[in-house]
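Data block below; observations after.
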Amino acid sequence: MLAAGGGAHLFPEVEDAATSFGPLRPRLLRVAYRMLGSVSDAEDVVQEAFIRWMKADRAIVREPEAFLRRTVTRLCLDQLKSARHRRETYVGPWLPEPLVEADEEDEVTLPLMLALERLSPLERAAFLLHDVFGLAFEEVAATIGRDPAACRQLAARGRAHVRAGRPRFAVEKQRGQEIAEAFFAASRSGDMTALGTLLAADVSLHSDGGGKRAAAVTAVCGLKPVLRLHRGLAVLFGKSGSQLVRTTTINGLPGFVTCEADGELQTTALEIEDGKIVAIYIMRNPDKLRHLH
């Protein structure tokens, strides 16, 4: 499929569409990813929006960004209907595809994205468009096909549900990376004393293997169970190795990317409060890591 900006000079109408679409593409991807939690699905939605943009009478579109944002949001709402069924039958905990941003802080952190999963598609759209992307309720209403009053109610319900997903205090970036590096070193070396000093008493661990790679089928909660799990994993790491690729920011959280013994990548994101790790999010599903290669 022809992507916006690639080889477009061969077809003037495509080139014209790509010229106006290209600068908006990153913002449209942000909307789609935060709606869907999937990089690949977000890219598919944005590609479909580009195809519709090519077919549209662009001369009469006064605000291309608003037109395309509405298109992307409505495509995402359709996608979420089938995504909900897929997640109900998903093997083990479901985590969003990791978005690795080495130099960019992200307001929509991984815990917030998980909280968004509890919302209806319309609540999710209203909350994101108004609270995250800063659109007026009139524009939200035009986008999702509801009146402004209904959109206010949808956003308010969404806000109430996701309040717990917002970090109370953002960890300073350098300190977050120091904790991530210390966590990697302690977890791979088997130094449970050092690891224990990094973890909160109510720490939880969530690993997404999607049935494709070994992962805990339920969340592991509490300091002792999490240490017990890492004590066993450290033996495997010692035998087969786990190579650090880079420390980075993953969905707004400090974390790191590793290459594991099977040659596959893995991401680990750490939610930190008051200097302690309160949640560990590990992505092992190879289908959700393809974009990192």
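By convention in this document, the chains of the structure tokens carry letters A, B, ... by their order, each chain's residues are numbered from 1, and ligands are numbered from 1 in the order they are shown.
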
Could you please write out, as a ChimeraX atom specification, every residue of stretch 129-241 of chain A that DSSP assigns to alpha helix (DSSP H)? /A:137-144,148-162,173-189,192-198,223-240

Mind checking which residues fall within 10 Å of A:Gln79, counting only C-alpha atoms, ignoring those fewer than 5 positions away in the same chain, and posting them as an MDAnalysis selection string? chainID A and resid 35:36 41:42 45 73:74 84 121

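Residues of stretch 171-250 of chain A that DSSP places in strand (DSSP E), based on the backbone of this structure, are Leu199, Ala200, Ala201, Asp202, Val203, Ser204, Leu205, His206, Ser207, Asp208, Val220, Cys221, Gln243, Leu244, Val245, Arg246, Thr247, Thr248, Thr249 and Ile250 of chain A.
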
May I have the residues within 9 Å of A:Lys212 as a list in words, using only C-alpha atoms and disregarding those fewer than 3 positions away in the same chain? Val91, Gly209, Ala215, Arg284, Asn285, Pro286 and Asp287 of chain A

Go ahead and save the picked residues with C-alpha atoms, as a PDB file, in the first residue's frame.
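Written file, result-v6.pdb:
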ATOM      1  CA  VAL A  91      -4.167 -15.120  27.031  1.00  0.00           C
ATOM      2  CA  GLY A 209       3.231 -12.897  26.598  1.00  0.00           C
ATOM      3  CA  ALA A 215       4.673 -15.040  31.054  1.00  0.00           C
ATOM      4  CA  ARG A 284       7.107 -10.280  25.932  1.00  0.00           C
ATOM      5  CA  ASN A 285       4.520 -10.794  23.183  1.00  0.00           C
ATOM      6  CA  PRO A 286       6.592 -10.740  19.952  1.00  0.00           C
ATOM      7  CA  ASP A 287       3.607  -9.479  17.955  1.00  0.00           C
TER       8      ASP A 287
END

Restricting the calculation to only C-alpha atoms: of A:Thr247, A:Thr109, A:Ser38, A:Thr143, which residue gets closest to A:Val72?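 Of A:Thr247, A:Thr109, A:Ser38, A:Thr143, the one nearest A:Val72 is A:Thr143, counting only C-alpha atoms.
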
Contacts of stretch 195-204 of chain A at 6 Å (only C-alpha atoms; same-chain gap of 4+ positions) as a list in words: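 Near neighbours after the sequence-gap exclusion: Ala186, Val220, Cys221, Gly222, Leu223, Lys276, Ile277, Val278 and Ala279 of chain A.
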
Quick one: everything within 8 Å of stretch 264-269 of chain A, counting only C-alpha atoms, minus sequence neighbours fewer than 5 positions away in the same chain. Send it as a list in words.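 Final neighbour list, sorted by chain and number: Pro98, Thr249, Ile250, Asn251, Leu253, Pro254, Gly255, Phe256, Val257, Thr258, Cys259, Ile280, Tyr281, Ile282, Met283, Arg284, Pro286 and Leu289 of chain A.
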
Can you work out which one of A:Gln153, A:Arg30, A:Ser20, A:Leu99 has the shortest atom-to-atom distance to A:Arg58, counting only C-alpha atoms?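 With only C-alpha atoms as the atom set, the closest residue is A:Ser20.
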
Atom CA of A:Leu135 to atom CA of A:Pro64, straight-line distance in Å: 15.1 Å

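Atom pair atom CA of A:Ser187 / atom CA of A:Val217 has a distance of 20.1 Å (rounded to one decimal).
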
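Between atom CA of A:Val162 and atom CA of A:Gln47 the interatomic distance comes to 29.3 Å.
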
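Closest approach to A:Ala214 among A:Val226, A:Ser242, A:Leu233, A:Glu88 is made by A:Leu233 (distances from only C-alpha atoms).
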
Neighbour list for A:Phe133 as a list of chain:residue names, cut-off 12 Å, only C-alpha atoms, skip fewer than 4 positions in-chain: A:Arg27, A:Leu28, A:Arg30, A:Val31, A:Ala32, A:Arg34, A:Met35, A:Arg69, A:Glu107, A:Val108, A:Ala125, A:Ala126, A:Phe127, A:Leu128, A:Leu129, A:Phe137, A:Glu139, A:Val140
